[in-house]
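Everything on this sheet refers to the single structure shown next.
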Amino acid sequence: MSKESKNDADASPSSFEGAGGMNTGVAIVGFILCFISGAGLMWGYDSHRLKKGEIGADSTASAGGGGNWSDEDSPVPVSSKDPMFGKRDAPVTIVVFSDFQCPFCSRGEATVDQVKTTYGDKVRVIWKNEPLSFHPNAKPAAEAAQGVFAMKGAEAFWKFHDLAFKNQQTLSDDNYVAWAGQAGVTDIAKFKAGLAAHTWADKVEKDHAIAQKAGVNGTPAFFINGSLLSGAQPFDKFKTVIDQELDKAKAKIASGTPKDKVYVAMSNENKKAAPAAAPKDEDEGEKEDTKTVFKVPVGQSPQLGNANALVTIVEFSDFQCPYCKRTEDQLKKIRETYGDKVRFVWKEEPLPFHPRAEPAAELGRAARAEKGDKGWWAAHDAMFDSQPKLDDADLEAVAAKIGIDKGKAMDAIKTHKYKKEIDADSELADDLQASGTPHFFINGRRLVGAQPFEKFQKIIDEEIKHAQDVLAKGVAPAKLYEELVKDGKGAPEPEKKTVVLAQNSPAKGNTKSKIIIQEFSDFQCPFCSKVEDTVNQVMKDYGDKVQLQWRNLPLPMHADAPMAAQAAQEAYKQKGADAFWKMHDKLYGGQKNPEGLKRPAIEGYAQELGLNMDKFKTALDTSSHKAEIEVDEKAAKDAGISGTPAFVINGYFISGAQPYPKFKKLIERAMAEAK
């Protein structure tokens, strides 16, 4: 069950409020979302401060080397037997109780990544297993992950963890073996034997016992220095608690508490100060906010049903998403139950890891252009019937089945004819923090995932009464939906940062443009390399209208990054911007090779570019570009930028390897403001 979301590791600020895990007593196996998962994956939200699986310098883990330690005298005990990310003596400890098959856990992973990016060494993250009973693959996955940790340590564990969340839909013994190998386990026979014998089940059971004692009722659950935060909450919720705990920890250390005892002291204090737990509704598990109304425009999107219906359901969906297909039965039941009282509006949200979603959306738009909304809904039904078969030949068969011009339909797919319309829907989804599919707004009220009919029914019944009350006050039926959502929550204002412009940074595009994109990056950061496809698309579409400026921000945990930055700056000094960008490409290409950012490889790149090798070697030997790199680092620090990649577009801030629509939206906004 995967967290299908648009971004990879920064996930983000777009996680929405109240999105909790599911109570263990609830049999809701089928009611989950399509979201992107870990490996830094999530719509975002790829950013890099401390690389996943990279343990802090003084961190220890008993498995795979390192010393033993224990914080067993905490109300949420942890020890070197637990996978840990970060430093042993970090002032804030986040203990995560999670389930590899839980979609809400997958969603929460992106926010944890953003926490790591933002706070660096100030936070450590510790994993605890809490596989829920109605997730049949969760416990085997947990045992496999613990096996990887036992055999190869924390770094290997986090690699396995990322692969498992990335591939939630394919949790299986065969894949556990494959992922263990990718994570670094070499004795595969021993690993297989351990799985068969349930060698690591005892650790999973012990984690579960700790979860029960600590009051965990669903996943994910986070204890921040012992304070419970339930569910896949947005980053701001984490930030509020973490900032408070940092201040308290600072005072605790100043008063004489050893750094490695802060967690025990703080968690015990927070346990005593915690309010009594509120009783839970066992039928609903963790609460999700379905009360807040969002201002969701209908626009020109495909509609089905009475235009003056009492209830409008706007669905953000993806033709390749299996959970979108699964929810079709519930939507059909809604139509049969409520008839003209409900209308449906479709919004496109083809997720980036579904390569056939956008072509399918193109075919739907082609059908609509030829046969109106009726043709679009016919294509909608036929494509979900065809799923997962959505290759060109399958889509051509859909076109033939619904009786539209196959040539025009396939040309629309080939040329991305309707991409602008599709992107507009995706941008709206981003504004509304609708970071996965299927995603519904019922008269503006959010409902996420392939939920049971009863969840829809409860909200629909409430909204029918509300709509009838509004009509009774004299509102025209044609204006009903507009009236119902007019005061709804809109898109949040984008984050802004003030960054001092560099005087002579490498740049490309229109160097006279008032629209300046500053890219803070690190040649050894994998997320910086990953975002390059998006940056290239931006420059292809806007290159004559914007200026892209490079700013160096080599991160301290990347040993090869400073030399790579020196090399790129020397290429710039010798042969200008063209040579810089060629060196830039070679350095990112070097990430694919373990030795690709070492000095011999870098000197090879310089020779290929025809640089003066004596001057080049001297530059590396003496770090002759240290001063200009430090200018960039200071600009980042002063602006509060601590991770890479990071972009500032005329003051608008983008953190991480965000998708193209995020850049487009802010560029268009900056252009409108510059006029």
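Chain labels follow the order of the structure tokens: the first chain is A, the next B, and so on; residue numbering restarts at 1 in every chain, and ligands are counted from 1 in their shown order.
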Checklist entry - segment 214-274 of chain A: which residues are strand (DSSP E) by DSSP, as an MDAnalysis selection string? => result chainID A and resid 221:224 227:230
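Take the candidates A:Ile210, A:Ala491, A:Leu597, A:Leu228 and check each one against Asp522 of chain A using only C-alpha atoms; the shortest distance goes to A:Leu597.
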Item to check | Picked from segment 423-567 of chain A by DSSP as alpha helix (DSSP H), as an NGL selection string | outcome: :A and (423-431 or 453-472 or 480-485 or 526-530 or 532-542 or 561-567)
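Minimum distance to Ala309 of chain A across A:Ala409, A:Ala565, A:Val342, A:Met84 (counting only C-alpha atoms) occurs at A:Val342.
Comparing the minimum interatomic distances between Phe456 of chain A and each of A:Ala369, A:Ala639, A:Ile313, A:Val475, counting only C-alpha atoms, we find that A:Ile313 sits nearest.
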